>>> print(open('model_10.cif').read())   # mmCIF, C-alpha atoms
data_data
#
loop_
_atom_site.label_atom_id
_atom_site.label_comp_id
_atom_site.auth_asym_id
_atom_site.auth_seq_id
_atom_site.Cartn_x
_atom_site.Cartn_y
_atom_site.Cartn_z
CA MET Z 8 0.00 0.00 0.00
CA ASN Z 9 1.21 3.53 -0.78
CA GLU Z 10 2.28 5.85 2.03
CA LYS Z 11 -0.70 7.49 3.68
CA ILE Z 12 -1.49 11.14 2.93
CA ASP Z 13 -1.45 14.01 5.43
CA LEU Z 14 -4.61 15.96 4.60
CA TYR Z 15 -4.23 18.31 7.58
CA SER Z 16 -1.00 19.79 6.17
CA MET Z 17 -2.74 20.78 2.91
CA ASN Z 18 -4.22 24.18 2.12
CA ASP Z 19 -7.46 24.52 0.19
CA VAL Z 20 -5.74 24.58 -3.22
CA GLU Z 21 -3.70 21.46 -2.43
CA LEU Z 22 -6.81 19.68 -1.17
CA SER Z 23 -8.62 20.53 -4.41
CA GLU Z 24 -5.72 19.10 -6.41
CA PHE Z 25 -5.75 15.99 -4.22
CA PHE Z 26 -9.45 15.35 -4.81
CA THR Z 27 -8.97 15.78 -8.55
CA SER Z 28 -6.11 13.26 -8.44
CA ILE Z 29 -8.35 10.58 -6.92
CA GLY Z 30 -11.19 11.15 -9.36
CA GLU Z 31 -13.37 13.29 -7.10
CA ALA Z 32 -14.84 16.76 -7.59
CA LYS Z 33 -12.34 19.61 -7.23
CA PHE Z 34 -14.68 21.70 -5.07
CA ARG Z 35 -14.37 19.15 -2.27
CA GLY Z 36 -11.04 20.74 -1.29
CA LYS Z 37 -12.52 24.10 -0.38
CA GLN Z 38 -15.49 22.31 1.15
CA ILE Z 39 -13.53 20.35 3.75
CA PHE Z 40 -10.55 22.67 4.39
CA PRO Z 41 -12.31 24.67 7.17
CA ARG Z 42 -13.51 21.45 8.79
CA LEU Z 43 -10.04 19.91 8.83
CA GLN Z 44 -8.53 23.11 10.25
CA ALA Z 45 -11.17 23.00 12.99
CA GLY Z 46 -9.91 19.53 13.92
CA ASP Z 47 -12.66 17.35 12.46
CA GLY Z 48 -11.66 13.82 11.59
CA VAL Z 49 -12.46 12.22 8.25
CA GLU Z 50 -15.36 10.40 9.88
CA ASP Z 51 -16.82 13.78 10.94
CA LEU Z 52 -17.00 15.13 7.38
CA THR Z 53 -20.70 14.48 6.97
CA ASN Z 54 -20.84 16.86 4.01
CA LEU Z 55 -19.10 14.02 2.13
CA SER Z 56 -20.77 10.75 1.22
CA LYS Z 57 -20.10 7.73 3.40
CA PRO Z 58 -18.25 5.86 0.60
CA LEU Z 59 -15.98 8.88 0.08
CA ARG Z 60 -15.32 9.18 3.82
CA GLU Z 61 -14.38 5.50 3.92
CA LYS Z 62 -12.12 5.98 0.90
CA LEU Z 63 -10.37 8.92 2.60
CA ALA Z 64 -10.03 7.07 5.90
CA ALA Z 65 -8.14 4.28 4.16
CA MET Z 66 -5.80 6.73 2.41
CA THR Z 67 -5.03 9.34 5.02
CA LEU Z 68 -2.98 9.65 8.20
CA ASP Z 69 -4.44 11.22 11.34
CA THR Z 70 -1.59 13.54 12.30
CA LEU Z 71 -3.43 15.70 14.84
CA PRO Z 72 -1.82 15.57 18.31
CA LYS Z 73 -3.77 13.91 21.12
CA VAL Z 74 -3.75 15.06 24.76
CA GLU Z 75 -1.60 12.56 26.66
CA LEU Z 76 -1.26 14.57 29.86
CA LYS Z 77 -2.65 17.91 31.03
CA LEU Z 78 -1.48 19.90 34.03
CA ILE Z 79 -3.22 23.06 35.24
CA SER Z 80 -1.34 25.55 37.38
CA LYS Z 81 -2.96 26.31 40.72
CA ILE Z 82 -1.04 29.58 40.73
CA ASP Z 83 -2.20 31.24 37.52
CA GLY Z 84 -4.30 28.77 35.49
CA THR Z 85 -1.58 28.10 32.92
CA VAL Z 86 -2.22 24.78 31.14
CA LYS Z 87 0.70 22.50 30.26
CA TYR Z 88 -0.03 19.89 27.62
CA LEU Z 89 1.90 16.78 26.75
CA PHE Z 90 0.70 15.80 23.29
CA LYS Z 91 1.14 12.34 21.79
CA LEU Z 92 1.80 12.17 18.04
CA HIS Z 93 0.79 9.49 15.54
CA ASP Z 94 4.19 7.75 15.81
CA GLY Z 95 4.19 7.69 19.63
CA SER Z 96 6.49 10.70 20.05
CA VAL Z 97 5.53 13.32 22.63
CA ILE Z 98 5.83 17.12 22.57
CA GLU Z 99 4.74 19.99 24.81
CA SER Z 100 2.59 23.08 24.48
CA VAL Z 101 1.70 25.69 27.09
CA LEU Z 102 -1.52 27.71 27.14
CA MET Z 103 -1.17 31.06 28.90
CA ARG Z 104 -4.13 33.30 29.60
CA TYR Z 105 -3.74 37.08 29.42
CA LYS Z 106 -6.19 39.96 29.41
CA HIS Z 107 -5.57 40.42 25.68
CA GLY Z 108 -6.34 36.77 24.89
CA ASN Z 109 -4.94 33.27 25.05
CA THR Z 110 -1.38 32.58 23.96
CA LEU Z 111 -0.18 29.09 23.06
CA CYS Z 112 3.54 28.31 23.16
CA ILE Z 113 4.06 25.47 20.67
CA SER Z 114 6.84 23.03 19.79
CA SER Z 115 8.36 22.83 16.31
CA GLN Z 116 10.33 19.57 16.60
CA VAL Z 117 10.49 16.38 18.64
CA GLY Z 118 13.64 17.14 20.61
CA CYS Z 119 16.23 19.65 19.44
CA LEU Z 120 19.60 19.56 17.71
CA MET Z 121 20.90 22.92 18.91
CA GLY Z 122 22.42 21.80 22.21
CA CYS Z 123 21.85 24.97 24.27
CA LYS Z 124 23.25 24.11 27.70
CA PHE Z 125 20.45 25.67 29.75
CA CYS Z 126 17.54 24.03 27.92
CA ALA Z 127 15.86 20.72 28.78
CA SER Z 128 14.44 20.39 25.24
CA THR Z 129 17.80 19.51 23.73
CA ILE Z 130 18.70 16.72 26.17
CA GLY Z 131 18.65 13.55 24.08
CA GLY Z 132 18.94 15.44 20.81
CA LYS Z 133 16.51 15.78 17.93
CA VAL Z 134 14.17 12.93 16.94
CA ARG Z 135 12.41 14.53 13.97
CA ASP Z 136 10.75 17.62 12.56
CA LEU Z 137 7.07 18.28 13.12
CA LEU Z 138 4.74 18.35 10.12
CA PRO Z 139 2.66 21.48 9.42
CA SER Z 140 -0.40 19.52 10.60
CA GLU Z 141 1.34 18.69 13.89
CA LEU Z 142 2.15 22.38 14.39
CA VAL Z 143 -1.36 23.64 13.72
CA GLY Z 144 -2.71 20.57 15.51
CA GLN Z 145 -1.34 21.78 18.83
CA ILE Z 146 -3.54 24.88 18.52
CA ILE Z 147 -6.55 22.85 17.42
CA ALA Z 148 -6.13 20.39 20.30
CA ALA Z 149 -5.72 23.12 22.96
CA SER Z 150 -8.72 25.06 21.63
CA ARG Z 151 -10.89 21.95 21.56
CA ASP Z 152 -9.83 20.92 25.03
CA THR Z 153 -10.50 24.30 26.66
CA GLY Z 154 -13.32 25.49 24.44
CA GLU Z 155 -11.42 28.78 24.16
CA ARG Z 156 -9.92 30.51 21.13
CA VAL Z 157 -6.15 30.77 20.87
CA SER Z 158 -5.43 34.29 19.58
CA ASN Z 159 -1.64 34.41 19.87
CA ILE Z 160 1.09 31.90 19.02
CA VAL Z 161 4.62 31.78 20.41
CA MET Z 162 7.05 29.39 18.72
CA MET Z 163 9.32 28.92 21.73
CA GLY Z 164 8.57 25.34 22.71
CA ILE Z 165 10.63 22.23 22.00
CA GLY Z 166 12.82 22.51 18.91
CA GLU Z 167 14.37 25.21 16.71
CA PRO Z 168 11.76 26.59 14.26
CA LEU Z 169 14.29 27.66 11.62
CA ASP Z 170 15.77 24.14 11.62
CA ASN Z 171 12.33 23.01 10.40
CA PHE Z 172 12.02 25.93 8.00
CA ASP Z 173 9.78 24.67 5.19
CA ASN Z 174 7.24 23.04 7.50
CA VAL Z 175 7.15 26.11 9.75
CA ILE Z 176 6.53 28.48 6.81
CA LYS Z 177 3.73 26.26 5.57
CA PHE Z 178 2.28 26.17 9.09
CA LEU Z 179 2.36 29.96 9.33
CA ARG Z 180 0.41 30.28 6.10
CA LEU Z 181 -2.06 27.59 7.15
CA VAL Z 182 -2.78 29.12 10.54
CA ASN Z 183 -3.23 32.56 8.97
CA HIS Z 184 -5.66 31.31 6.30
CA PRO Z 185 -9.00 33.18 6.55
CA ASP Z 186 -10.94 29.91 6.14
CA GLY Z 187 -8.82 28.19 8.79
CA LEU Z 188 -7.86 29.41 12.26
CA ASN Z 189 -7.35 32.92 10.86
CA ILE Z 190 -4.70 33.99 13.38
CA GLY Z 191 -2.99 37.20 12.25
CA TYR Z 192 0.73 37.13 11.52
CA ARG Z 193 1.23 40.02 13.93
CA HIS Z 194 -0.04 37.74 16.71
CA ILE Z 195 2.71 35.18 16.03
CA SER Z 196 6.22 35.25 17.49
CA LEU Z 197 9.01 32.96 16.28
CA SER Z 198 12.11 32.40 18.42
CA THR Z 199 15.44 31.24 17.01
CA CYS Z 200 18.87 30.62 18.50
CA GLY Z 201 20.37 32.11 15.36
CA ILE Z 202 20.51 30.07 12.14
CA VAL Z 203 21.81 33.02 10.13
CA PRO Z 204 21.06 31.88 6.54
CA LYS Z 205 17.46 31.13 7.50
CA ILE Z 206 17.04 34.61 9.00
CA TYR Z 207 17.91 36.04 5.58
CA GLU Z 208 15.51 33.60 3.94
CA LEU Z 209 12.76 34.56 6.39
CA ALA Z 210 13.35 38.22 5.55
CA GLU Z 211 12.84 37.50 1.84
CA ILE Z 212 9.52 35.77 2.51
CA ASP Z 213 8.56 38.88 4.55
CA LEU Z 214 5.77 37.57 6.75
CA PRO Z 215 4.84 40.23 9.35
CA ILE Z 216 5.52 37.97 12.34
CA THR Z 217 7.67 38.97 15.33
CA LEU Z 218 11.19 37.53 15.25
CA SER Z 219 12.81 36.81 18.62
CA ILE Z 220 16.52 36.09 18.90
CA SER Z 221 17.87 33.93 21.72
CA LEU Z 222 21.09 35.81 22.48
CA HIS Z 223 21.92 34.99 26.12
CA ALA Z 224 25.54 36.25 26.11
CA THR Z 225 27.58 39.30 25.14
CA THR Z 226 30.85 37.71 23.96
CA ASP Z 227 31.56 34.84 21.59
CA GLU Z 228 33.47 33.03 24.32
CA LYS Z 229 30.51 33.09 26.72
CA ARG Z 230 27.95 32.33 24.01
CA CYS Z 231 29.91 29.39 22.61
CA ALA Z 232 30.06 27.92 26.12
CA ILE Z 233 26.27 27.77 26.43
CA MET Z 234 25.10 27.84 22.78
CA PRO Z 235 27.09 25.64 20.36
CA ILE Z 236 25.47 27.32 17.35
CA ASN Z 237 27.66 30.36 18.04
CA LYS Z 238 30.67 28.36 16.81
CA LYS Z 239 29.08 28.35 13.35
CA TRP Z 240 27.48 31.81 13.33
CA ASN Z 241 29.00 34.17 15.87
CA ILE Z 242 27.41 37.20 17.52
CA GLU Z 243 28.63 39.63 14.85
CA SER Z 244 27.20 37.59 11.96
CA LEU Z 245 23.95 37.08 13.89
CA LEU Z 246 23.46 40.77 14.69
CA THR Z 247 24.35 41.73 11.10
CA ALA Z 248 21.63 39.36 9.89
CA CYS Z 249 19.21 40.90 12.40
CA ALA Z 250 19.99 44.43 11.23
CA ASP Z 251 19.50 43.37 7.61
CA TYR Z 252 16.24 41.67 8.59
CA TYR Z 253 14.98 44.91 10.13
CA GLU Z 254 16.01 46.99 7.11
CA LYS Z 255 14.18 44.55 4.81
CA THR Z 256 10.99 44.08 6.85
CA GLN Z 257 10.84 47.11 9.19
CA ARG Z 258 9.72 44.66 11.87
CA ARG Z 259 11.14 45.12 15.37
CA ILE Z 260 13.23 42.21 16.65
CA SER Z 261 13.04 41.13 20.27
CA PHE Z 262 16.17 39.78 21.95
CA GLU Z 263 15.79 37.08 24.59
CA TYR Z 264 18.42 36.96 27.31
CA THR Z 265 18.32 34.18 29.89
CA LEU Z 266 19.92 35.28 33.15
CA ILE Z 267 22.17 32.57 34.63
CA SER Z 268 23.68 33.23 38.03
CA GLY Z 269 27.46 33.67 37.85
CA LYS Z 270 27.53 33.23 34.06
CA ASN Z 271 26.02 36.26 32.35
CA ASP Z 272 24.07 38.32 34.87
CA THR Z 273 26.42 41.00 36.19
CA VAL Z 274 25.97 44.75 35.78
CA GLU Z 275 28.97 44.73 33.42
CA ASP Z 276 27.24 42.05 31.32
CA ALA Z 277 24.22 44.36 31.11
CA ARG Z 278 26.37 47.31 30.07
CA GLU Z 279 28.11 45.24 27.38
CA LEU Z 280 24.76 43.96 26.11
CA ALA Z 281 23.49 47.53 25.74
CA ARG Z 282 26.68 48.60 23.94
CA LEU Z 283 26.53 45.57 21.65
CA LEU Z 284 22.94 46.13 20.57
CA LYS Z 285 23.31 49.88 20.15
CA ARG Z 286 26.36 49.40 17.92
CA ALA Z 287 24.37 47.01 15.75
CA PHE Z 288 21.10 48.94 15.51
CA ASN Z 289 21.53 52.64 16.24
CA LYS Z 290 22.85 53.39 12.73
CA ILE Z 291 19.61 52.15 11.19
CA SER Z 292 17.43 53.67 13.93
CA ALA Z 293 15.92 50.29 14.79
CA PRO Z 294 14.02 49.94 18.07
CA ILE Z 295 15.68 47.57 20.54
CA HIS Z 296 13.86 45.43 23.06
CA VAL Z 297 15.38 42.88 25.43
CA ASN Z 298 13.22 40.26 27.08
CA LEU Z 299 14.96 39.07 30.25
CA ILE Z 300 14.23 35.51 31.33
CA ARG Z 301 15.17 33.87 34.61
CA VAL Z 302 16.89 30.57 33.85
CA ASN Z 303 14.83 27.46 34.48
CA GLU Z 304 16.64 25.25 36.95
CA VAL Z 305 17.00 21.88 35.21
CA ALA Z 306 18.84 19.20 37.19
CA GLU Z 307 21.05 18.14 34.27
CA THR Z 308 22.42 21.67 33.63
CA GLY Z 309 23.41 22.78 37.11
CA PHE Z 310 22.50 26.38 36.21
CA ARG Z 311 20.83 28.51 38.87
CA GLU Z 312 18.81 31.70 38.74
CA GLY Z 313 20.00 34.83 40.46
CA SER Z 314 18.24 36.88 43.09
CA GLU Z 315 15.37 39.26 42.39
CA GLU Z 316 17.80 42.08 43.16
CA SER Z 317 20.29 40.92 40.53
CA VAL Z 318 17.54 40.63 37.91
CA LYS Z 319 16.33 44.15 38.74
CA ARG Z 320 19.89 45.55 38.58
CA PHE Z 321 20.38 44.01 35.14
CA SER Z 322 17.07 45.37 33.85
CA ASP Z 323 17.63 48.83 35.36
CA THR Z 324 21.11 49.05 33.83
CA LEU Z 325 19.81 48.30 30.33
CA ASN Z 326 16.95 50.80 30.62
CA ALA Z 327 19.30 53.47 31.97
CA MET Z 328 21.49 53.00 28.89
CA GLY Z 329 18.56 53.47 26.53
CA VAL Z 330 17.77 49.83 25.80
CA VAL Z 331 14.19 48.90 26.62
CA ALA Z 332 14.20 45.80 28.81
CA THR Z 333 11.38 43.88 30.43
CA VAL Z 334 11.47 40.83 32.68
CA ARG Z 335 9.33 38.00 31.38
CA ARG Z 336 6.47 37.14 33.68
CA ARG Z 337 6.80 33.59 34.95
CA LEU Z 338 3.75 31.39 34.48
CA GLY Z 339 2.98 27.81 35.43
CA ARG Z 340 5.96 27.18 37.71
CA ASP Z 341 4.09 24.42 39.53
CA VAL Z 342 3.41 22.44 36.32
CA ASN Z 343 6.89 22.31 34.73
CA ALA Z 344 5.81 24.97 32.23
CA ALA Z 345 9.38 25.57 31.06
CA CYS Z 346 9.89 23.91 27.70
CA GLY Z 347 11.15 20.35 27.64
CA GLN Z 348 10.84 19.58 31.34
CA LEU Z 349 7.57 17.63 31.24
CA ARG Z 350 8.57 15.59 28.20
CA ARG Z 351 11.93 14.83 29.79
CA ASN Z 352 10.36 13.73 33.08
CA VAL Z 353 7.79 11.50 31.38
CA GLU Z 354 10.37 9.86 29.10
CA ALA Z 355 12.71 9.31 32.06
CA ARG Z 356 9.94 7.46 33.89
#
>>> encode(input="model_10.cif", output="structure tokens")
Amino acid sequence: MNEKIDLYSMNDVELSEFFTSIGEAKFRGKQIFPRLQAGDGVEDLTNLSKPLREKLAAMTLDTLPKVELKLISKIDGTVKYLFKLHDGSVIESVLMRYKHGNTLCISSQVGCLMGCKFCASTIGGKVRDLLPSELVGQIIAASRDTGERVSNIVMMGIGEPLDNFDNVIKFLRLVNHPDGLNIGYRHISLSTCGIVPKIYELAEIDLPITLSISLHATTDEKRCAIMPINKKWNIESLLTACADYYEKTQRRISFEYTLISGKNDTVEDARELARLLKRAFNKISAPIHVNLIRVNEVAETGFREGSEESVKRFSDTLNAMGVVATVRRRLGRDVNAACGQLRRNVEAR
């Protein structure tokens, strides 16, 4: 038997072409696209005849993630999902509720190849890329489970989005489709540790998403020690790519900086970070924003977070030097909401 087909990764045009290829009416594609993007299974497509539904069921693969485990924070209501995929792999998503709407932090890969020393997601390496259907499926599954609309997407879960470039771009277009989930590009943030060629490629595609750069250090020596990718694309090449990205798209870039006690969290580190970013962006008058993140204490890394006072000193130093800095609000601490921790714990058991 031929390999099964992933209908949920197809847009309406591709679905129409698929139906034509199996001898069915072309209009069926546009007919079922909204239903698939709402999470309906083939058996739910009652606007198709029973023989056609049976034909599709035999041909297609159900790639939508299923809720394997769900934890709800007693502190702030954050929901941590462990989703099981069709091949038995597991990934994580986190639903965070804000006044402006619900934000879902999604995974882009099973595991991660990047090897960042402070991150639980990369322990054990990368298993595989997620399909577009498995990306959008996390949103579908969370919405169906809660009965609430997801209005914002953050691609900061397990995996490196730009290492799964083609599937991620297709996902972005699917999730933005007016007949699908219809989530605006400006409500989507994509975080990368810095695959420089893909930043240039993303700029050429010019989707109005928010690009976030995981920087986490101010010198190549320090960054190489915690982020192996810096050995291939150093800070200078990364910031040059970011400046070019801004000039091409006119979209503000956010810089993520994880504060690790004794590693990168001194006042001098803050001063150097401000100098570094101003050198890279002041000439093109680009706005600079730094999102400060307290390191998640994962047993395997040995990294520890600093005191509230040290975090405030770092933030105050950046702001005093003209670099806008905010400290990320911590949600779901009692449910392992930091990416990779739940998956790691479950797999270890």
>>> residues_around(input="model_10.cif", residues="Glu312 of chain Z", least_positions_apart="3", cutoff="7 Å", atoms="all atoms listed in the file", output="tab-separated table (two decimals) with C-alpha atoms, in the coordinates of the input")
chain	number	residue	atom	x	y	z
Z	266	LEU	CA	19.92	35.28	33.15
Z	267	ILE	CA	22.17	32.57	34.63
Z	268	SER	CA	23.68	33.23	38.03
Z	301	ARG	CA	15.17	33.87	34.61
Z	302	VAL	CA	16.89	30.57	33.85
>>> resolve_selection(input="model_10.cif", expression="the PyMOL selection byres ((chain Z and resi 154-164) around 7)", output="list in words")
Glu99, Ser100, Gly108, Asn109, Thr110, Leu111, Cys112, Ile113, Ser114, Ser115, Ile146, Ser150, Arg151, Asp152, Thr153, Ile165, Gly166, Ile190, His194, Ile195, Ser196, Leu197, Ser198 and Cys346 of chain Z
>>> residues_around(input="model_10.cif", residues="Ile212 of chain Z", least_positions_apart="6", cutoff="12 Å", atoms="all atoms listed in the file", output="list in words")
Phe172, Asp173, Ile176, Lys177, Leu179, Arg180, Lys205, Ile206, Tyr252, Lys255 and Thr256 of chain Z
>>> closest_residue(input="model_10.cif", among="Z:Pro41, Z:Gly122, Z:Gly30, Z:Gly144", to="Lys62 of chain Z", atoms="only C-alpha atoms")
Z:Gly30
>>> resolve_selection(input="model_10.cif", expression="the PyMOL selection byres ((chain Z and resi 265) around 9)", output="list in words")
Phe125, Ser221, Leu222, His223, Ala224, Glu263, Tyr264, Leu266, Ile267, Asn271, Asp272, Asn298, Leu299, Ile300, Arg301, Val302 and Asn303 of chain Z
>>> atom_distance(input="model_10.cif", atom1="atom CA of Leu245 of chain Z", atom2="atom CA of Ile202 of chain Z")
8.0 Å
>>> closest_residue(input="model_10.cif", among="Z:Leu218, Z:Cys231, Z:Ala210, Z:Val297", to="Glu254 of chain Z", atoms="only C-alpha atoms")
Z:Ala210
>>> resolve_selection(input="model_10.cif", expression="the PyMOL selection byres ((chain Z and resi 193) around 7)", output="list in words")
Gly191, Tyr192, His194, Ile195, Pro215, Ile216 and Thr217 of chain Z
>>> residues_around(input="model_10.cif", residues="Pro139 of chain Z", least_positions_apart="4", cutoff="6 Å", atoms="all atoms listed in the file", output="MDAnalysis selection string")
chainID Z and resid 16 174 178
>>> residues_around(input="model_10.cif", residues="Ser292 of chain Z", least_positions_apart="3", cutoff="10 Å", atoms="only C-alpha atoms", output="list in words")
Ala250, Tyr253, Glu254, Lys285, Ala287, Phe288, Asn289 and Ile295 of chain Z
>>> closest_residue(input="model_10.cif", among="Z:Val330, Z:Ile98, Z:Met234, Z:Leu325", to="Ala293 of chain Z", atoms="all atoms listed in the file")
Z:Val330
>>> residues_around(input="model_10.cif", residues="segment 32-36 of chain Z", least_positions_apart="6", cutoff="6 Å", atoms="all atoms listed in the file", output="list of chain:residue names")
Z:Asp19, Z:Leu22, Z:Ser23, Z:Phe26
>>> atom_distance(input="model_10.cif", atom1="atom CA of Asn237 of chain Z", atom2="atom CA of Asp213 of chain Z")
24.9 Å
>>> atom_distance(input="model_10.cif", atom1="atom CA of His107 of chain Z", atom2="atom CA of Pro294 of chain Z")
23.1 Å
>>> closest_residue(input="model_10.cif", among="Z:Asp69, Z:Glu316, Z:Glu10, Z:Glu24", to="Ser140 of chain Z", atoms="all atoms listed in the file")
Z:Asp69
>>> axis_aligned_box(input="model_10.cif", around="segment 124-133 of chain Z", padding_each_side="6 Å", output="AutoDock Vina command-line options")
--center_x 18.8 --center_y 19.6 --center_z 23.8 --size_x 20.8 --size_y 24.1 --size_z 23.8
>>> closest_residue(input="model_10.cif", among="Z:Asp94, Z:Asp276, Z:Leu169, Z:Tyr207", to="Ser244 of chain Z", atoms="only C-alpha atoms")
Z:Tyr207
>>> residues_near_point(input="model_10.cif", point="(-4.2, 9.9, 2.6)", cutoff="8 Å", atoms="only C-alpha atoms", output="MDAnalysis selection string")
chainID Z and resid 10:14 63:68
>>> closest_residue(input="model_10.cif", among="Z:Glu75, Z:Val117, Z:Arg42, Z:Leu59", to="Ile29 of chain Z", atoms="only C-alpha atoms")
Z:Leu59
>>> residues_near_point(input="model_10.cif", point="(15.9, 45.2, 34.1)", cutoff="10 Å", atoms="all atoms listed in the file", output="count of residues only")
21
